[in-house]
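S.K.: Have a look at the structure that comes next, please.
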Amino acid sequence: MRLHTQEWGTGERVAVLVHGIMSDHRTWHELVPVLTGRGYRVLAVDLRGHGASPRGPYEPRHFAEDLVETLPPAPEVALGHSLGALALALAVPELGPARAVYSEPAWQLAGADGSLDPALFTLFKRSSRALATLSRSSRPARSTGADAGRLDARAAAEQEALERWDENTALALSSHRHVDHMPEKAVVPSLVQTSDPSMLVSAGMRAELARRGFEVRTVPDAPHAIHRDRFGAFVESLSGWL
């Protein structure tokens with residue numbers, strides 16, 4: 001399945017971005033100018049069931065196959081968040097990026113303690129305020145002017161992405177929640193970025209990933225969407241990989 005893709009920049013180097021569940025390509029709005037400023041042409045997809053991309057069926061391998069079909073081979077860097085990191089890891093052997101970055105990868109869909117069920121994400125579809133509970137950050141009490149406008153625009157984009165999201169993705173992934181998708185090895189130079197605490201990557205998993213050849217970096221006191229809510233720390237954690 002060919003995915004809806006947004007493109008920015010005209011650089012000779014290519015960076016590809018893959019969002020997580022319930023989101024779309026707009027989640028990368030702060031990262032895009034950082035990358036284009038470094039000479040990248042940036043491609044950000046909408047995964048199947050998200051944004052303007054086609055719908056179903058939904059299995060981890062389908063998300064990966066879509067990336068291979070849609071994206072140019074051998075990008076300089078490929079970055080995926082959560083479900084996007086799961087899809088990217090499965091696609092890397094064929095996609096062949098020079099470097100891969102996995103932010104809070106959903107390689108164990110049941111979560112770090114085994115209790116998470118992706119089907120629960122359908123609850124966010126039914127409550128316009130529930131999405132905010134995924135983040136521990138909130139608008140500063142005195143945010144005004146440009147800051148307030150930026151936060152309002154971000155909230156509107158997230159709400160629209162949620163409304164366009166096909167919740168059947170979460171229902172389908174529920175049956176895969178006890179499958180271990182952690183790669184056997186780092187096929188290409190690879191960074192795993194985690195929050196601490198992380199709902200998806202345990203301390204034991206971090207140690208095992210390091211043993212398998214991944215570089216692991218932790219962003220303390222960050223929520224699951226590090227790029228969304230701790231952007232400065234997110235970029236700093238990617239030093240040497242962008």
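Ordering of the structure tokens sets the chain letters (A, B, ...), residue numbers begin anew at 1 in every chain, and ligands are numbered from 1 in the order given.
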Show me, as a list in words, the residues that have an atom within 9 Å of range 24-38 of chain A when counting only C-alpha atoms, minus same-chain residues fewer than 5 positions from it.

M.R.: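 Returned residues: Thr5, Gln6, Trp8, Gly9, Thr10, Gly11, Ala15, Leu17, Val18, His19, Leu43, Ala44, Val45, Asp46, Leu47, His50, Gly51, Ala52, Arg154, Ala157, Glu158, Ala161, Leu162, Trp165, His227, Arg228, Phe231, Val235 and Leu242 of chain A.
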
S.K.: Save out the residues we just selected, C-alpha atoms, as a short mmCIF file (atom, residue, chain, number, x, y, z; two decimals), in the first residue's frame.

M.R.:
```
data_model
loop_
_atom_site.label_atom_id
_atom_site.label_comp_id
_atom_site.auth_asym_id
_atom_site.auth_seq_id
_atom_site.Cartn_x
_atom_site.Cartn_y
_atom_site.Cartn_z
CA THR A 5 3.59 11.35 2.25
CA GLN A 6 4.46 14.95 3.06
CA TRP A 8 9.87 19.31 2.81
CA GLY A 9 13.26 20.61 1.70
CA THR A 10 15.44 19.99 -1.32
CA GLY A 11 18.63 18.65 0.21
CA ALA A 15 15.44 11.71 6.20
CA LEU A 17 9.91 10.06 9.66
CA VAL A 18 7.30 7.55 10.84
CA HIS A 19 4.75 8.57 13.47
CA LEU A 43 9.65 12.66 3.97
CA ALA A 44 7.01 11.95 6.61
CA VAL A 45 4.34 9.33 6.01
CA ASP A 46 0.86 8.72 7.34
CA LEU A 47 0.73 5.05 8.33
CA HIS A 50 -3.94 7.21 9.86
CA GLY A 51 -4.22 10.65 8.31
CA ALA A 52 -4.78 10.64 4.55
CA ARG A 154 -0.78 21.70 17.93
CA ALA A 157 -3.79 19.09 14.67
CA GLU A 158 -3.67 16.29 17.22
CA ALA A 161 -5.40 13.30 13.56
CA LEU A 162 -7.29 11.44 16.28
CA TRP A 165 -7.46 7.64 12.87
CA HIS A 227 9.50 14.67 20.49
CA ARG A 228 6.17 16.24 21.34
CA PHE A 231 11.51 18.66 22.16
CA VAL A 235 16.94 16.75 19.79
CA LEU A 242 20.81 13.44 12.59
#
```

S.K.: Can you pull out the residues contacting range 174-191 of chain A? Cut-off 9 Å, using only C-alpha atoms, and skip same-chain residues under 6 positions away; I want them as JSON, numbers by chain.

M.R.: {"A": [59, 60, 86, 89, 90, 92, 93, 96, 97, 98, 99, 100, 101, 102, 103, 105, 106, 107, 108, 109, 110, 111, 114, 116, 117, 118, 119, 120, 205, 209, 211, 212, 213, 214, 215, 216, 217, 238, 241]}

S.K.: Show me, as a PDB file with C-alpha atoms, in the first residue's frame, the residues that have an atom within 8 Å of Gly49 in chain A when counting only C-alpha atoms, minus same-chain residues fewer than 2 positions from it.

M.R.:
```pdb
ATOM      1  CA  LEU A  47       0.735   5.047   8.326  1.00  0.00           C
ATOM      2  CA  GLY A  51      -4.222  10.650   8.306  1.00  0.00           C
ATOM      3  CA  SER A  53      -3.477   7.113   3.941  1.00  0.00           C
ATOM      4  CA  PRO A  54      -5.721   4.177   2.958  1.00  0.00           C
ATOM      5  CA  ARG A  55      -7.301   1.909   5.536  1.00  0.00           C
ATOM      6  CA  GLY A  56      -6.682  -1.733   6.663  1.00  0.00           C
ATOM      7  CA  TRP A 165      -7.463   7.641  12.867  1.00  0.00           C
ATOM      8  CA  ASP A 166      -9.049   4.237  12.251  1.00  0.00           C
ATOM      9  CA  GLU A 167      -9.361   2.659  15.699  1.00  0.00           C
ATOM     10  CA  ASN A 168      -9.362  -0.779  14.085  1.00  0.00           C
ATOM     11  CA  THR A 169      -5.567  -0.451  14.033  1.00  0.00           C
TER      12      THR A 169
END
```

S.K.: From a backbone DSSP assignment, name each residue in chain A labelled strand (DSSP E), as JSON, numbers by chain.

M.R.: {"A": [5, 6, 7, 8, 13, 14, 15, 16, 17, 18, 40, 41, 42, 43, 44, 45, 77, 78, 79, 80, 81, 99, 100, 101, 102, 103, 190, 191, 192, 193, 194, 195, 196, 215, 216, 217, 218, 219, 220]}

S.K.: So how many Å separate CA of Phe234 in chain A and CA of Gln193 in chain A, to one decimal?

M.R.: 8.6 Å

S.K.: Could you pull out the helix (DSSP H, G or I) residues of range 103-224 of chain A from DSSP and send them as an NGL selection string?

M.R.: :A and (118-126 or 130-134 or 145-164 or 168-176 or 203-211)

S.K.: Keeping only N, CA and C atoms, write the selected residues to a file as a short mmCIF file (atom, residue, chain, number, x, y, z; two decimals), in the first residue's frame.

M.R.:
```
data_model
loop_
_atom_site.label_atom_id
_atom_site.label_comp_id
_atom_site.auth_asym_id
_atom_site.auth_seq_id
_atom_site.Cartn_x
_atom_site.Cartn_y
_atom_site.Cartn_z
N PRO A 118 -3.27 -2.69 23.38
CA PRO A 118 -3.49 -1.61 22.42
C PRO A 118 -4.95 -1.28 22.18
N ALA A 119 -5.84 -2.24 22.41
CA ALA A 119 -7.27 -1.98 22.21
C ALA A 119 -7.77 -0.85 23.09
N LEU A 120 -7.09 -0.61 24.21
CA LEU A 120 -7.51 0.46 25.12
C LEU A 120 -7.39 1.84 24.48
N PHE A 121 -6.55 1.95 23.45
CA PHE A 121 -6.39 3.25 22.80
C PHE A 121 -7.67 3.72 22.13
N THR A 122 -8.60 2.79 21.88
CA THR A 122 -9.86 3.22 21.29
C THR A 122 -10.62 4.16 22.21
N LEU A 123 -10.31 4.13 23.51
CA LEU A 123 -10.97 5.04 24.45
C LEU A 123 -10.66 6.50 24.12
N PHE A 124 -9.46 6.75 23.58
CA PHE A 124 -9.10 8.12 23.23
C PHE A 124 -9.97 8.65 22.11
N LYS A 125 -10.45 7.76 21.26
CA LYS A 125 -11.31 8.16 20.15
C LYS A 125 -12.66 8.67 20.67
N ARG A 126 -13.03 8.21 21.85
CA ARG A 126 -14.35 8.52 22.38
C ARG A 126 -14.35 9.69 23.35
N ALA A 130 -9.22 12.88 26.51
CA ALA A 130 -8.42 11.77 27.00
C ALA A 130 -7.00 11.78 26.44
N LEU A 131 -6.83 12.29 25.22
CA LEU A 131 -5.51 12.27 24.60
C LEU A 131 -4.48 13.00 25.45
N ALA A 132 -4.90 14.01 26.17
CA ALA A 132 -3.97 14.78 26.99
C ALA A 132 -3.37 13.95 28.11
N THR A 133 -4.02 12.86 28.50
CA THR A 133 -3.49 12.04 29.58
C THR A 133 -2.26 11.26 29.17
N LEU A 134 -1.97 11.19 27.86
CA LEU A 134 -0.76 10.52 27.41
C LEU A 134 0.48 11.34 27.71
N GLY A 145 0.02 34.87 23.65
CA GLY A 145 0.53 35.27 22.36
C GLY A 145 0.95 34.11 21.50
N ALA A 146 2.20 34.18 20.97
CA ALA A 146 2.68 33.18 20.03
C ALA A 146 2.71 31.79 20.65
N ASP A 147 3.13 31.69 21.93
CA ASP A 147 3.19 30.38 22.58
C ASP A 147 1.79 29.76 22.68
N ALA A 148 0.83 30.56 23.09
CA ALA A 148 -0.54 30.04 23.21
C ALA A 148 -1.07 29.63 21.85
N GLY A 149 -0.79 30.44 20.83
CA GLY A 149 -1.26 30.12 19.48
C GLY A 149 -0.63 28.83 18.96
N ARG A 150 0.67 28.65 19.25
CA ARG A 150 1.36 27.43 18.81
C ARG A 150 0.77 26.20 19.48
N LEU A 151 0.49 26.30 20.79
CA LEU A 151 -0.08 25.17 21.50
C LEU A 151 -1.51 24.88 21.03
N ASP A 152 -2.27 25.92 20.73
CA ASP A 152 -3.62 25.72 20.21
C ASP A 152 -3.59 25.02 18.86
N ALA A 153 -2.65 25.43 18.00
CA ALA A 153 -2.53 24.82 16.68
C ALA A 153 -2.12 23.36 16.80
N ARG A 154 -1.20 23.08 17.73
CA ARG A 154 -0.78 21.70 17.93
C ARG A 154 -1.94 20.85 18.43
N ALA A 155 -2.70 21.37 19.38
CA ALA A 155 -3.84 20.62 19.91
C ALA A 155 -4.87 20.35 18.83
N ALA A 156 -5.11 21.34 17.97
CA ALA A 156 -6.08 21.17 16.90
C ALA A 156 -5.63 20.10 15.92
N ALA A 157 -4.33 20.09 15.60
CA ALA A 157 -3.79 19.09 14.67
C ALA A 157 -3.89 17.69 15.28
N GLU A 158 -3.59 17.58 16.56
CA GLU A 158 -3.67 16.29 17.22
C GLU A 158 -5.10 15.78 17.28
N GLN A 159 -6.04 16.70 17.54
CA GLN A 159 -7.44 16.30 17.59
C GLN A 159 -7.92 15.84 16.21
N GLU A 160 -7.51 16.55 15.17
CA GLU A 160 -7.90 16.15 13.81
C GLU A 160 -7.30 14.79 13.46
N ALA A 161 -6.03 14.59 13.83
CA ALA A 161 -5.40 13.30 13.56
C ALA A 161 -6.15 12.18 14.28
N LEU A 162 -6.55 12.43 15.52
CA LEU A 162 -7.29 11.44 16.28
C LEU A 162 -8.62 11.11 15.62
N GLU A 163 -9.32 12.13 15.15
CA GLU A 163 -10.61 11.93 14.51
C GLU A 163 -10.48 11.14 13.21
N ARG A 164 -9.35 11.31 12.49
CA ARG A 164 -9.15 10.62 11.22
C ARG A 164 -8.60 9.21 11.42
N ASN A 168 -9.57 0.64 14.34
CA ASN A 168 -9.36 -0.78 14.09
C ASN A 168 -7.88 -1.15 14.09
N THR A 169 -6.99 -0.16 13.91
CA THR A 169 -5.57 -0.45 14.03
C THR A 169 -5.26 -0.96 15.43
N ALA A 170 -5.80 -0.30 16.44
CA ALA A 170 -5.54 -0.72 17.82
C ALA A 170 -6.18 -2.07 18.11
N LEU A 171 -7.39 -2.29 17.62
CA LEU A 171 -8.06 -3.56 17.85
C LEU A 171 -7.29 -4.71 17.21
N ALA A 172 -6.77 -4.48 16.01
CA ALA A 172 -6.01 -5.53 15.33
C ALA A 172 -4.68 -5.80 16.02
N LEU A 173 -4.01 -4.74 16.48
CA LEU A 173 -2.72 -4.92 17.14
C LEU A 173 -2.85 -5.61 18.48
N SER A 174 -4.03 -5.59 19.06
CA SER A 174 -4.24 -6.25 20.35
C SER A 174 -3.87 -7.73 20.28
N SER A 175 -4.13 -8.36 19.15
CA SER A 175 -3.83 -9.79 19.03
C SER A 175 -2.34 -10.06 18.89
N HIS A 176 -1.55 -9.01 18.70
CA HIS A 176 -0.10 -9.17 18.57
C HIS A 176 0.64 -8.69 19.82
N ALA A 203 14.04 -1.49 31.91
CA ALA A 203 15.47 -1.44 32.14
C ALA A 203 16.15 -2.71 31.61
N GLY A 204 15.51 -3.85 31.80
CA GLY A 204 16.06 -5.10 31.29
C GLY A 204 16.12 -5.11 29.77
N MET A 205 15.11 -4.55 29.13
CA MET A 205 15.10 -4.49 27.68
C MET A 205 16.19 -3.55 27.17
N ARG A 206 16.43 -2.45 27.88
CA ARG A 206 17.50 -1.54 27.48
C ARG A 206 18.85 -2.25 27.51
N ALA A 207 19.06 -3.02 28.56
CA ALA A 207 20.32 -3.75 28.67
C ALA A 207 20.46 -4.79 27.55
N GLU A 208 19.37 -5.46 27.23
CA GLU A 208 19.40 -6.46 26.17
C GLU A 208 19.64 -5.82 24.81
N LEU A 209 19.04 -4.66 24.58
CA LEU A 209 19.25 -3.96 23.32
C LEU A 209 20.71 -3.55 23.16
N ALA A 210 21.31 -3.10 24.23
CA ALA A 210 22.73 -2.75 24.16
C ALA A 210 23.55 -3.98 23.83
N ARG A 211 23.19 -5.11 24.39
CA ARG A 211 23.91 -6.35 24.10
C ARG A 211 23.76 -6.74 22.63
#
```

S.K.: Would you compute the distance between CA of Val219 in chain A and CA of Thr194 in chain A? Give it in Å to one decimal.

M.R.: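 Between CA of Val219 in chain A and CA of Thr194 in chain A the gap is 6.2 Å.
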
S.K.: List the neighbours of Ala64 in chain A out to 7 Å using only C-alpha atoms; skip same-chain residues closer than 6 positions along the sequence, and give me the result as a list in words.

M.R.: Ala87, Leu88, Leu90 and Ala91 of chain A

S.K.: Interatomic distance between CA of Ala74 in chain A and CA of Tyr40 in chain A?

M.R.: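 We find that CA of Ala74 in chain A and CA of Tyr40 in chain A lie 13.6 Å from each other.
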